[in-house]
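Asks: My structure is stored as run_39.cif, with mmCIF, N, CA and C atoms.
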data_entry
#
loop_
_atom_site.group_PDB
_atom_site.id
_atom_site.type_symbol
_atom_site.label_atom_id
_atom_site.label_comp_id
_atom_site.auth_asym_id
_atom_site.auth_seq_id
_atom_site.Cartn_x
_atom_site.Cartn_y
_atom_site.Cartn_z
ATOM 1 N N PRO A 1 27.370 -203.358 -87.343
ATOM 2 C CA PRO A 1 28.182 -202.405 -86.596
ATOM 3 C C PRO A 1 28.192 -202.734 -85.104
ATOM 4 N N VAL A 2 29.280 -202.438 -84.472
ATOM 5 C CA VAL A 2 29.403 -202.668 -83.031
ATOM 6 C C VAL A 2 28.863 -201.439 -82.304
ATOM 7 N N VAL A 3 27.928 -201.683 -81.399
ATOM 8 C CA VAL A 3 27.332 -200.629 -80.584
ATOM 9 C C VAL A 3 27.357 -201.088 -79.132
ATOM 10 N N VAL A 4 27.032 -200.180 -78.227
ATOM 11 C CA VAL A 4 26.945 -200.550 -76.815
ATOM 12 C C VAL A 4 25.944 -201.697 -76.690
ATOM 13 N N GLY A 5 26.346 -202.747 -75.968
ATOM 14 C CA GLY A 5 25.500 -203.924 -75.790
ATOM 15 C C GLY A 5 25.850 -205.077 -76.709
ATOM 16 N N THR A 6 26.673 -204.839 -77.736
ATOM 17 C CA THR A 6 27.099 -205.899 -78.651
ATOM 18 C C THR A 6 28.046 -206.852 -77.934
ATOM 19 N N ASN A 7 27.872 -208.154 -78.161
ATOM 20 C CA ASN A 7 28.811 -209.145 -77.647
ATOM 21 C C ASN A 7 29.934 -209.328 -78.660
ATOM 22 N N VAL A 8 31.169 -209.220 -78.173
ATOM 23 C CA VAL A 8 32.329 -209.374 -79.049
ATOM 24 C C VAL A 8 33.333 -210.344 -78.425
ATOM 25 N N ARG A 9 34.029 -211.070 -79.288
ATOM 26 C CA ARG A 9 35.125 -211.937 -78.851
ATOM 27 C C ARG A 9 36.422 -211.177 -79.066
ATOM 28 N N MET A 10 37.229 -211.132 -78.037
ATOM 29 C CA MET A 10 38.522 -210.451 -78.122
ATOM 30 C C MET A 10 39.505 -211.367 -78.849
ATOM 31 N N LEU A 11 40.083 -210.882 -79.935
ATOM 32 C CA LEU A 11 40.972 -211.692 -80.766
ATOM 33 C C LEU A 11 42.447 -211.503 -80.439
ATOM 34 N N GLU A 12 42.801 -210.326 -79.943
ATOM 35 C CA GLU A 12 44.212 -210.061 -79.653
ATOM 36 C C GLU A 12 44.345 -208.825 -78.773
ATOM 37 N N VAL A 13 45.517 -208.697 -78.189
ATOM 38 C CA VAL A 13 45.911 -207.489 -77.471
ATOM 39 C C VAL A 13 47.047 -206.889 -78.291
ATOM 40 N N THR A 14 46.959 -205.608 -78.548
ATOM 41 C CA THR A 14 47.976 -204.979 -79.387
ATOM 42 C C THR A 14 49.379 -205.175 -78.806
ATOM 43 N N GLU A 15 50.293 -205.593 -79.654
ATOM 44 C CA GLU A 15 51.682 -205.829 -79.238
ATOM 45 C C GLU A 15 52.359 -204.546 -78.761
ATOM 46 N N ALA A 16 51.830 -203.406 -79.176
ATOM 47 C CA ALA A 16 52.423 -202.129 -78.770
ATOM 48 C C ALA A 16 52.412 -201.953 -77.250
ATOM 49 N N LEU A 17 51.524 -202.661 -76.575
ATOM 50 C CA LEU A 17 51.460 -202.553 -75.111
ATOM 51 C C LEU A 17 52.489 -203.407 -74.386
ATOM 52 N N ARG A 18 52.994 -204.435 -75.041
ATOM 53 C CA ARG A 18 53.831 -205.440 -74.375
ATOM 54 C C ARG A 18 54.950 -204.832 -73.531
ATOM 55 N N ASN A 19 55.676 -203.885 -74.041
ATOM 56 C CA ASN A 19 56.800 -203.311 -73.306
ATOM 57 C C ASN A 19 56.445 -202.015 -72.574
ATOM 58 N N ARG A 20 55.175 -201.629 -72.636
ATOM 59 C CA ARG A 20 54.753 -200.385 -71.992
ATOM 60 C C ARG A 20 53.983 -200.599 -70.690
ATOM 61 N N ILE A 21 53.657 -201.859 -70.391
ATOM 62 C CA ILE A 21 52.928 -202.156 -69.159
ATOM 63 C C ILE A 21 53.663 -203.255 -68.396
ATOM 64 N N PRO A 22 53.409 -203.403 -67.088
ATOM 65 C CA PRO A 22 54.062 -204.474 -66.325
ATOM 66 C C PRO A 22 53.727 -205.860 -66.879
ATOM 67 N N LYS A 23 54.657 -206.796 -66.713
ATOM 68 C CA LYS A 23 54.477 -208.160 -67.233
ATOM 69 C C LYS A 23 53.207 -208.815 -66.692
ATOM 70 N N LYS A 24 52.914 -208.577 -65.425
ATOM 71 C CA LYS A 24 51.711 -209.171 -64.826
ATOM 72 C C LYS A 24 50.451 -208.654 -65.517
ATOM 73 N N GLU A 25 50.433 -207.365 -65.784
ATOM 74 C CA GLU A 25 49.275 -206.783 -66.454
ATOM 75 C C GLU A 25 49.143 -207.319 -67.877
ATOM 76 N N TRP A 26 50.260 -207.465 -68.577
ATOM 77 C CA TRP A 26 50.258 -208.045 -69.925
ATOM 78 C C TRP A 26 49.679 -209.459 -69.889
ATOM 79 N N ALA A 27 50.112 -210.248 -68.909
ATOM 80 C CA ALA A 27 49.618 -211.626 -68.774
ATOM 81 C C ALA A 27 48.118 -211.643 -68.501
ATOM 82 N N GLU A 28 47.650 -210.721 -67.662
ATOM 83 C CA GLU A 28 46.208 -210.660 -67.366
ATOM 84 C C GLU A 28 45.422 -210.283 -68.616
ATOM 85 N N LEU A 29 45.921 -209.324 -69.388
ATOM 86 C CA LEU A 29 45.244 -208.952 -70.625
ATOM 87 C C LEU A 29 45.190 -210.128 -71.599
ATOM 88 N N GLN A 30 46.243 -210.925 -71.638
ATOM 89 C CA GLN A 30 46.272 -212.078 -72.541
ATOM 90 C C GLN A 30 45.190 -213.103 -72.194
ATOM 91 N N THR A 31 44.790 -213.177 -70.909
ATOM 92 C CA THR A 31 43.735 -214.123 -70.529
ATOM 93 C C THR A 31 42.388 -213.722 -71.112
ATOM 94 N N MET A 32 42.275 -212.489 -71.551
ATOM 95 C CA MET A 32 41.020 -212.011 -72.131
ATOM 96 C C MET A 32 40.844 -212.459 -73.584
ATOM 97 N N VAL A 33 41.945 -212.796 -74.247
ATOM 98 C CA VAL A 33 41.888 -213.210 -75.649
ATOM 99 C C VAL A 33 41.069 -214.494 -75.764
ATOM 100 N N GLY A 34 40.102 -214.482 -76.660
ATOM 101 C CA GLY A 34 39.222 -215.629 -76.876
ATOM 102 C C GLY A 34 37.936 -215.554 -76.077
ATOM 103 N N GLU A 35 37.880 -214.674 -75.094
ATOM 104 C CA GLU A 35 36.673 -214.544 -74.284
ATOM 105 C C GLU A 35 35.696 -213.573 -74.934
ATOM 106 N N VAL A 36 34.422 -213.715 -74.554
ATOM 107 C CA VAL A 36 33.367 -212.866 -75.090
ATOM 108 C C VAL A 36 32.979 -211.838 -74.027
ATOM 109 N N PHE A 37 32.859 -210.588 -74.461
ATOM 110 C CA PHE A 37 32.512 -209.477 -73.575
ATOM 111 C C PHE A 37 31.404 -208.647 -74.200
ATOM 112 N N MET A 38 30.635 -207.964 -73.346
ATOM 113 C CA MET A 38 29.635 -207.021 -73.835
ATOM 114 C C MET A 38 30.266 -205.632 -73.867
ATOM 115 N N VAL A 39 30.132 -204.966 -74.977
ATOM 116 C CA VAL A 39 30.660 -203.611 -75.129
ATOM 117 C C VAL A 39 29.852 -202.672 -74.239
ATOM 118 N N TYR A 40 30.563 -201.885 -73.404
ATOM 119 C CA TYR A 40 29.855 -200.949 -72.535
ATOM 120 C C TYR A 40 30.023 -199.494 -72.963
ATOM 121 N N GLU A 41 30.912 -199.244 -73.912
ATOM 122 C CA GLU A 41 31.105 -197.870 -74.389
ATOM 123 C C GLU A 41 31.792 -197.901 -75.745
ATOM 124 N N ILE A 42 31.445 -196.954 -76.594
ATOM 125 C CA ILE A 42 32.175 -196.708 -77.844
ATOM 126 C C ILE A 42 32.761 -195.310 -77.693
ATOM 127 N N ASN A 43 34.100 -195.200 -77.788
ATOM 128 C CA ASN A 43 34.709 -193.881 -77.579
ATOM 129 C C ASN A 43 34.705 -193.059 -78.858
ATOM 130 N N GLU A 44 35.232 -191.846 -78.753
ATOM 131 C CA GLU A 44 35.208 -190.923 -79.886
ATOM 132 C C GLU A 44 36.043 -191.393 -81.075
ATOM 133 N N HIS A 45 36.913 -192.372 -80.866
ATOM 134 C CA HIS A 45 37.732 -192.929 -81.945
ATOM 135 C C HIS A 45 37.114 -194.193 -82.540
ATOM 136 N N GLY A 46 35.965 -194.599 -82.015
ATOM 137 C CA GLY A 46 35.278 -195.782 -82.515
ATOM 138 C C GLY A 46 35.711 -197.076 -81.858
ATOM 139 N N ALA A 47 36.578 -197.012 -80.831
ATOM 140 C CA ALA A 47 37.016 -198.223 -80.135
ATOM 141 C C ALA A 47 35.911 -198.693 -79.191
ATOM 142 N N ALA A 48 35.768 -200.000 -79.081
ATOM 143 C CA ALA A 48 34.758 -200.618 -78.233
ATOM 144 C C ALA A 48 35.384 -201.004 -76.892
ATOM 145 N N TRP A 49 34.852 -200.451 -75.816
ATOM 146 C CA TRP A 49 35.394 -200.725 -74.479
ATOM 147 C C TRP A 49 34.718 -201.928 -73.854
ATOM 148 N N VAL A 50 35.573 -202.840 -73.303
ATOM 149 C CA VAL A 50 35.094 -204.022 -72.588
ATOM 150 C C VAL A 50 35.821 -204.099 -71.248
ATOM 151 N N GLU A 51 35.302 -204.924 -70.362
ATOM 152 C CA GLU A 51 35.893 -205.062 -69.034
ATOM 153 C C GLU A 51 35.884 -206.524 -68.605
ATOM 154 N N LYS A 52 36.957 -206.917 -67.920
ATOM 155 C CA LYS A 52 37.010 -208.225 -67.262
ATOM 156 C C LYS A 52 37.293 -207.983 -65.786
ATOM 157 N N VAL A 53 36.545 -208.692 -64.948
ATOM 158 C CA VAL A 53 36.696 -208.582 -63.498
ATOM 159 C C VAL A 53 37.183 -209.927 -62.971
ATOM 160 N N TRP A 54 38.204 -209.872 -62.129
ATOM 161 C CA TRP A 54 38.682 -211.053 -61.431
ATOM 162 C C TRP A 54 38.176 -210.983 -59.996
ATOM 163 N N LEU A 55 37.597 -212.073 -59.518
ATOM 164 C CA LEU A 55 37.056 -212.100 -58.167
ATOM 165 C C LEU A 55 38.011 -212.802 -57.210
ATOM 166 N N GLY A 56 38.008 -212.346 -55.969
ATOM 167 C CA GLY A 56 38.801 -212.977 -54.932
ATOM 168 C C GLY A 56 38.080 -214.207 -54.384
ATOM 169 N N ARG A 57 38.674 -214.856 -53.413
ATOM 170 C CA ARG A 57 38.099 -216.078 -52.831
ATOM 171 C C ARG A 57 36.714 -215.864 -52.248
ATOM 172 N N LYS A 58 36.472 -214.693 -51.706
ATOM 173 C CA LYS A 58 35.182 -214.411 -51.073
ATOM 174 C C LYS A 58 34.164 -213.847 -52.060
ATOM 175 N N GLY A 59 34.503 -213.862 -53.327
ATOM 176 C CA GLY A 59 33.592 -213.374 -54.335
ATOM 177 C C GLY A 59 33.630 -211.865 -54.525
ATOM 178 N N ASN A 60 34.546 -211.212 -53.818
ATOM 179 C CA ASN A 60 34.662 -209.766 -53.966
ATOM 180 C C ASN A 60 35.591 -209.434 -55.133
ATOM 181 N N ARG A 61 35.471 -208.232 -55.632
ATOM 182 C CA ARG A 61 36.258 -207.780 -56.782
ATOM 183 C C ARG A 61 37.725 -207.651 -56.377
ATOM 184 N N ARG A 62 38.583 -208.469 -56.980
ATOM 185 C CA ARG A 62 40.013 -208.431 -56.700
ATOM 186 C C ARG A 62 40.710 -207.430 -57.607
ATOM 187 N N SER A 63 40.403 -207.506 -58.873
ATOM 188 C CA SER A 63 40.980 -206.571 -59.837
ATOM 189 C C SER A 63 40.153 -206.608 -61.114
ATOM 190 N N SER A 64 40.434 -205.658 -61.993
ATOM 191 C CA SER A 64 39.739 -205.634 -63.276
ATOM 192 C C SER A 64 40.614 -204.938 -64.308
ATOM 193 N N HIS A 65 40.282 -205.188 -65.553
ATOM 194 C CA HIS A 65 40.935 -204.495 -66.662
ATOM 195 C C HIS A 65 39.866 -204.011 -67.608
ATOM 196 N N HIS A 66 40.033 -202.804 -68.068
ATOM 197 C CA HIS A 66 39.203 -202.230 -69.125
ATOM 198 C C HIS A 66 40.107 -202.150 -70.346
ATOM 199 N N TYR A 67 39.561 -202.475 -71.507
ATOM 200 C CA TYR A 67 40.385 -202.486 -72.714
ATOM 201 C C TYR A 67 39.560 -201.939 -73.877
ATOM 202 N N ALA A 68 40.168 -201.067 -74.664
ATOM 203 C CA ALA A 68 39.524 -200.500 -75.851
ATOM 204 C C ALA A 68 39.934 -201.322 -77.064
ATOM 205 N N LEU A 69 38.970 -201.961 -77.682
ATOM 206 C CA LEU A 69 39.225 -202.820 -78.832
ATOM 207 C C LEU A 69 39.045 -202.071 -80.140
ATOM 208 N N ASP A 70 40.055 -202.156 -81.010
ATOM 209 C CA ASP A 70 39.913 -201.678 -82.378
ATOM 210 C C ASP A 70 39.243 -202.791 -83.185
ATOM 211 N N SER A 71 38.749 -202.467 -84.351
ATOM 212 C CA SER A 71 37.964 -203.434 -85.132
ATOM 213 C C SER A 71 38.713 -204.730 -85.412
ATOM 214 N N HIS A 72 40.032 -204.679 -85.629
ATOM 215 C CA HIS A 72 40.792 -205.899 -85.931
ATOM 216 C C HIS A 72 41.067 -206.748 -84.686
ATOM 217 N N GLU A 73 40.757 -206.234 -83.513
ATOM 218 C CA GLU A 73 41.007 -206.963 -82.266
ATOM 219 C C GLU A 73 39.774 -207.687 -81.745
ATOM 220 N N MET A 74 38.673 -207.665 -82.507
ATOM 221 C CA MET A 74 37.436 -208.283 -82.030
ATOM 222 C C MET A 74 36.614 -208.808 -83.186
ATOM 223 N N GLU A 75 35.692 -209.706 -82.842
ATOM 224 C CA GLU A 75 34.684 -210.154 -83.794
ATOM 225 C C GLU A 75 33.347 -210.187 -83.067
ATOM 226 N N VAL A 76 32.295 -209.861 -83.796
ATOM 227 C CA VAL A 76 30.958 -209.861 -83.204
ATOM 228 C C VAL A 76 30.512 -211.296 -82.991
ATOM 229 N N VAL A 77 29.926 -211.536 -81.829
ATOM 230 C CA VAL A 77 29.396 -212.860 -81.490
ATOM 231 C C VAL A 77 27.883 -212.719 -81.394
ATOM 232 N N GLU A 78 27.184 -213.471 -82.216
ATOM 233 C CA GLU A 78 25.723 -213.413 -82.188
ATOM 234 C C GLU A 78 25.222 -214.065 -80.905
ATOM 235 N N PRO A 79 24.202 -213.489 -80.293
ATOM 236 C CA PRO A 79 23.652 -214.122 -79.087
ATOM 237 C C PRO A 79 23.090 -215.495 -79.428
ATOM 238 N N ARG A 80 23.246 -216.409 -78.499
ATOM 239 C CA ARG A 80 22.727 -217.756 -78.722
ATOM 240 C C ARG A 80 21.204 -217.737 -78.611
ATOM 241 N N VAL A 81 20.566 -218.427 -79.532
ATOM 242 C CA VAL A 81 19.115 -218.512 -79.502
ATOM 243 C C VAL A 81 18.746 -219.665 -78.588
ATOM 244 N N GLY A 82 17.920 -219.398 -77.603
ATOM 245 C CA GLY A 82 17.500 -220.437 -76.664
ATOM 246 C C GLY A 82 16.611 -221.460 -77.316
ATOM 247 N N THR A 83 16.567 -222.622 -76.752
ATOM 248 C CA THR A 83 15.732 -223.691 -77.283
ATOM 249 C C THR A 83 14.636 -224.024 -76.277
ATOM 250 N N ALA A 84 14.131 -222.984 -75.631
ATOM 251 C CA ALA A 84 13.085 -223.196 -74.626
ATOM 252 C C ALA A 84 11.843 -223.779 -75.290
ATOM 253 N N GLN A 85 11.270 -224.742 -74.634
ATOM 254 C CA GLN A 85 10.056 -225.370 -75.118
ATOM 255 C C GLN A 85 8.962 -225.135 -74.093
ATOM 256 N N SER A 86 7.754 -224.904 -74.578
ATOM 257 C CA SER A 86 6.666 -224.704 -73.638
ATOM 258 C C SER A 86 6.229 -226.051 -73.071
ATOM 259 N N ALA A 87 5.894 -226.050 -71.801
ATOM 260 C CA ALA A 87 5.454 -227.281 -71.142
ATOM 261 C C ALA A 87 3.983 -227.513 -71.436
ATOM 262 N N THR A 88 3.671 -228.725 -71.780
ATOM 263 C CA THR A 88 2.260 -229.077 -72.002
ATOM 264 C C THR A 88 1.898 -230.172 -71.036
ATOM 265 N N GLY A 89 0.682 -230.170 -70.605
ATOM 266 C CA GLY A 89 0.366 -231.179 -69.617
ATOM 267 C C GLY A 89 -1.013 -231.410 -69.538
#
Just give me the structure as structure tokens.

Replies:
Amino acid sequence: PVVVGTNVRMLEVTEALRNRIPKKEWAELQTMVGEVFMVYEINEHGAAWVEKVWLGRKGNRRSSHHYALDSHEMEVVEPRVGTAQSATG
């Protein structure tokens, strides 16, 4: 199950938004497809909320998008297991 803190890959943006939001915003949302995000909230409908932040040249927050993912719009991504080795000497 997807809970707060789960890493998910965004698979799609619902087509229902295409004609309801500005073209620039649609294009920005499309850049999120294929990326992995950490879920920061599960709403009362069971949608998983994620956020992408775009930074300006000086590293400051230029803009961001929050998106509620339905189950068909995401897949769970297992955290990568590190291959840390202890140093011996």

Asks: Quick one: residues within 5 Å of region 44-56 of chain A, only N, CA and C atoms, excluding same-chain residues fewer than 5 positions away - as number ranges by chain?

Replies: A: 39, 61-69

Asks: Point out the residue among A:Glu35, A:Val4, A:Ile42, A:Pro22 with the least atom-to-atom distance to Asp70 (chain A), counting only C-alpha atoms.

Replies: A:Ile42

Asks: Rank A:Val77, A:Trp26, A:Val33, A:Met38 by their smallest atom-to-atom distance to Leu11 (chain A), using all atoms listed in the file, and report the top residue only.

Replies: A:Val33

Asks: Considering only N, CA and C atoms, state which residue in the set A:Val2, A:Met74, A:Ile21, A:Val8 is at the smallest distance from Phe37 (chain A).

Replies: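 Once distances to Phe37 (chain A) are computed over only N, CA and C atoms, the minimum belongs to A:Val8.
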
Asks: To one decimal in Å, tell me the separation between atom C of Leu17 (chain A) and CA of Leu29 (chain A).

Replies: 9.9 Å

Asks: Calculated over only N, CA and C atoms, which of the candidates A:Thr14, A:Asn7, A:Asn60, A:Asn19 has the smallest distance to Val36 (chain A)?

Replies: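 Comparing A:Thr14, A:Asn7, A:Asn60, A:Asn19 against Val36 (chain A), the winner is A:Asn7.
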
Asks: Report, in Å to a single decimal, how far apart CA of Met32 (chain A) and CA of Arg9 (chain A) are.

Replies: 8.9 Å

Asks: I'd like the interatomic distance between atom C of Thr6 (chain A) and CA of Gln30 (chain A), to a tenth of an Å.

Replies: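 Taking atom C of Thr6 (chain A) as the start and CA of Gln30 (chain A) as the end point, the length is 19.7 Å.
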
Asks: Among chain A, which ones does DSSP assign to strand (DSSP E) (computed from the backbone)? Answer as a list of chain:residue names.

Replies: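 The residues of chain A classed as strand (DSSP E) are A:Asn7, A:Val8, A:Arg9, A:Met10, A:Val36, A:Phe37, A:Met38, A:Glu41, A:Ile42, A:Ala48, A:Trp49, A:Val50, A:Glu51, A:Lys52, A:Val53, A:Trp54, A:Leu55, A:Arg61, A:Arg62, A:Ser63, A:Ser64, A:His65, A:His66, A:Tyr67, A:Ala68, A:Leu69, A:Met74, A:Glu75, A:Val76.
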
Asks: Per DSSP on the backbone, filter chain A down to the residues in alpha helix (DSSP H) and report them as a list in words.

Replies: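 Answer for chain A restricted to alpha helix (DSSP H) is Lys23, Lys24, Glu25, Trp26, Ala27, Glu28, Leu29 and Gln30 of chain A.
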
Asks: Could you add the missing atoms to region 10-21 of chain A, up to all heavy atoms, and return them as a PDB file, in the coordinates of the input?

Replies:
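Saved result, result.pdb, follows:
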ATOM      1  N   MET A  10      37.229-211.132 -78.037  1.00  0.00           N
ATOM      2  CA  MET A  10      38.522-210.451 -78.122  1.00  0.00           C
ATOM      3  C   MET A  10      39.505-211.367 -78.849  1.00  0.00           C
ATOM      4  O   MET A  10      39.719-212.507 -78.433  1.00  0.00           O
ATOM      5  CB  MET A  10      39.021-210.126 -76.713  1.00  0.00           C
ATOM      6  CG  MET A  10      40.231-209.270 -76.665  1.00  0.00           C
ATOM      7  SD  MET A  10      40.423-208.679 -74.972  1.00  0.00           S
ATOM      8  CE  MET A  10      42.002-207.913 -75.068  1.00  0.00           C
ATOM      9  N   LEU A  11      40.083-210.882 -79.935  1.00  0.00           N
ATOM     10  CA  LEU A  11      40.972-211.692 -80.766  1.00  0.00           C
ATOM     11  C   LEU A  11      42.447-211.503 -80.439  1.00  0.00           C
ATOM     12  O   LEU A  11      43.240-212.417 -80.670  1.00  0.00           O
ATOM     13  CB  LEU A  11      40.737-211.368 -82.246  1.00  0.00           C
ATOM     14  CG  LEU A  11      39.321-211.609 -82.762  1.00  0.00           C
ATOM     15  CD1 LEU A  11      39.210-211.146 -84.205  1.00  0.00           C
ATOM     16  CD2 LEU A  11      38.941-213.075 -82.612  1.00  0.00           C
ATOM     17  N   GLU A  12      42.801-210.326 -79.943  1.00  0.00           N
ATOM     18  CA  GLU A  12      44.212-210.061 -79.653  1.00  0.00           C
ATOM     19  C   GLU A  12      44.345-208.825 -78.773  1.00  0.00           C
ATOM     20  O   GLU A  12      43.416-208.047 -78.643  1.00  0.00           O
ATOM     21  CB  GLU A  12      45.007-209.852 -80.934  1.00  0.00           C
ATOM     22  CG  GLU A  12      44.589-208.612 -81.712  1.00  0.00           C
ATOM     23  CD  GLU A  12      45.396-208.400 -82.974  1.00  0.00           C
ATOM     24  OE1 GLU A  12      46.502-207.821 -82.879  1.00  0.00           O
ATOM     25  OE2 GLU A  12      44.914-208.809 -84.047  1.00  0.00           O
ATOM     26  N   VAL A  13      45.517-208.697 -78.189  1.00  0.00           N
ATOM     27  CA  VAL A  13      45.911-207.489 -77.471  1.00  0.00           C
ATOM     28  C   VAL A  13      47.047-206.889 -78.291  1.00  0.00           C
ATOM     29  O   VAL A  13      47.976-207.595 -78.672  1.00  0.00           O
ATOM     30  CB  VAL A  13      46.407-207.806 -76.040  1.00  0.00           C
ATOM     31  CG1 VAL A  13      46.900-206.564 -75.341  1.00  0.00           C
ATOM     32  CG2 VAL A  13      45.310-208.489 -75.229  1.00  0.00           C
ATOM     33  N   THR A  14      46.959-205.608 -78.548  1.00  0.00           N
ATOM     34  CA  THR A  14      47.976-204.979 -79.387  1.00  0.00           C
ATOM     35  C   THR A  14      49.379-205.175 -78.806  1.00  0.00           C
ATOM     36  O   THR A  14      49.610-204.966 -77.621  1.00  0.00           O
ATOM     37  CB  THR A  14      47.684-203.478 -79.598  1.00  0.00           C
ATOM     38  OG1 THR A  14      48.692-202.945 -80.453  1.00  0.00           O
ATOM     39  CG2 THR A  14      47.668-202.712 -78.304  1.00  0.00           C
ATOM     40  N   GLU A  15      50.293-205.593 -79.654  1.00  0.00           N
ATOM     41  CA  GLU A  15      51.682-205.829 -79.238  1.00  0.00           C
ATOM     42  C   GLU A  15      52.359-204.546 -78.761  1.00  0.00           C
ATOM     43  O   GLU A  15      53.338-204.594 -78.026  1.00  0.00           O
ATOM     44  CB  GLU A  15      52.488-206.442 -80.390  1.00  0.00           C
ATOM     45  CG  GLU A  15      52.207-207.910 -80.612  1.00  0.00           C
ATOM     46  CD  GLU A  15      52.731-208.789 -79.486  1.00  0.00           C
ATOM     47  OE1 GLU A  15      53.835-208.531 -78.952  1.00  0.00           O
ATOM     48  OE2 GLU A  15      52.038-209.763 -79.149  1.00  0.00           O
ATOM     49  N   ALA A  16      51.830-203.406 -79.176  1.00  0.00           N
ATOM     50  CA  ALA A  16      52.423-202.129 -78.770  1.00  0.00           C
ATOM     51  C   ALA A  16      52.412-201.953 -77.250  1.00  0.00           C
ATOM     52  O   ALA A  16      53.214-201.197 -76.709  1.00  0.00           O
ATOM     53  CB  ALA A  16      51.674-200.978 -79.432  1.00  0.00           C
ATOM     54  N   LEU A  17      51.524-202.661 -76.575  1.00  0.00           N
ATOM     55  CA  LEU A  17      51.460-202.553 -75.111  1.00  0.00           C
ATOM     56  C   LEU A  17      52.489-203.407 -74.386  1.00  0.00           C
ATOM     57  O   LEU A  17      52.800-203.153 -73.231  1.00  0.00           O
ATOM     58  CB  LEU A  17      50.069-202.973 -74.609  1.00  0.00           C
ATOM     59  CG  LEU A  17      48.933-202.009 -74.858  1.00  0.00           C
ATOM     60  CD1 LEU A  17      47.633-202.608 -74.338  1.00  0.00           C
ATOM     61  CD2 LEU A  17      49.201-200.682 -74.180  1.00  0.00           C
ATOM     62  N   ARG A  18      52.994-204.435 -75.041  1.00  0.00           N
ATOM     63  CA  ARG A  18      53.831-205.440 -74.375  1.00  0.00           C
ATOM     64  C   ARG A  18      54.950-204.832 -73.531  1.00  0.00           C
ATOM     65  O   ARG A  18      55.161-205.226 -72.392  1.00  0.00           O
ATOM     66  CB  ARG A  18      54.432-206.417 -75.378  1.00  0.00           C
ATOM     67  CG  ARG A  18      55.255-207.513 -74.697  1.00  0.00           C
ATOM     68  CD  ARG A  18      55.977-208.388 -75.704  1.00  0.00           C
ATOM     69  NE  ARG A  18      55.103-209.291 -76.401  1.00  0.00           N
ATOM     70  CZ  ARG A  18      54.800-210.522 -75.986  1.00  0.00           C
ATOM     71  NH1 ARG A  18      55.266-210.970 -74.839  1.00  0.00           N
ATOM     72  NH2 ARG A  18      54.018-211.294 -76.702  1.00  0.00           N
ATOM     73  N   ASN A  19      55.676-203.885 -74.041  1.00  0.00           N
ATOM     74  CA  ASN A  19      56.800-203.311 -73.306  1.00  0.00           C
ATOM     75  C   ASN A  19      56.445-202.015 -72.574  1.00  0.00           C
ATOM     76  O   ASN A  19      57.313-201.400 -71.971  1.00  0.00           O
ATOM     77  CB  ASN A  19      57.974-203.058 -74.266  1.00  0.00           C
ATOM     78  CG  ASN A  19      58.512-204.359 -74.820  1.00  0.00           C
ATOM     79  OD1 ASN A  19      58.611-205.352 -74.113  1.00  0.00           O
ATOM     80  ND2 ASN A  19      58.819-204.365 -76.098  1.00  0.00           N
ATOM     81  N   ARG A  20      55.175-201.629 -72.636  1.00  0.00           N
ATOM     82  CA  ARG A  20      54.753-200.385 -71.992  1.00  0.00           C
ATOM     83  C   ARG A  20      53.983-200.599 -70.690  1.00  0.00           C
ATOM     84  O   ARG A  20      53.677-199.634 -70.001  1.00  0.00           O
ATOM     85  CB  ARG A  20      53.902-199.578 -72.972  1.00  0.00           C
ATOM     86  CG  ARG A  20      54.735-199.130 -74.158  1.00  0.00           C
ATOM     87  CD  ARG A  20      53.960-198.477 -75.263  1.00  0.00           C
ATOM     88  NE  ARG A  20      52.916-197.556 -74.806  1.00  0.00           N
ATOM     89  CZ  ARG A  20      51.991-197.071 -75.599  1.00  0.00           C
ATOM     90  NH1 ARG A  20      51.960-197.397 -76.866  1.00  0.00           N
ATOM     91  NH2 ARG A  20      51.084-196.243 -75.138  1.00  0.00           N
ATOM     92  N   ILE A  21      53.657-201.859 -70.391  1.00  0.00           N
ATOM     93  CA  ILE A  21      52.928-202.156 -69.159  1.00  0.00           C
ATOM     94  C   ILE A  21      53.663-203.255 -68.396  1.00  0.00           C
ATOM     95  O   ILE A  21      54.465-203.998 -68.981  1.00  0.00           O
ATOM     96  CB  ILE A  21      51.470-202.577 -69.450  1.00  0.00           C
ATOM     97  CG1 ILE A  21      51.411-203.853 -70.304  1.00  0.00           C
ATOM     98  CG2 ILE A  21      50.691-201.438 -70.096  1.00  0.00           C
ATOM     99  CD1 ILE A  21      50.006-204.373 -70.526  1.00  0.00           C
TER     100      ILE A  21
END
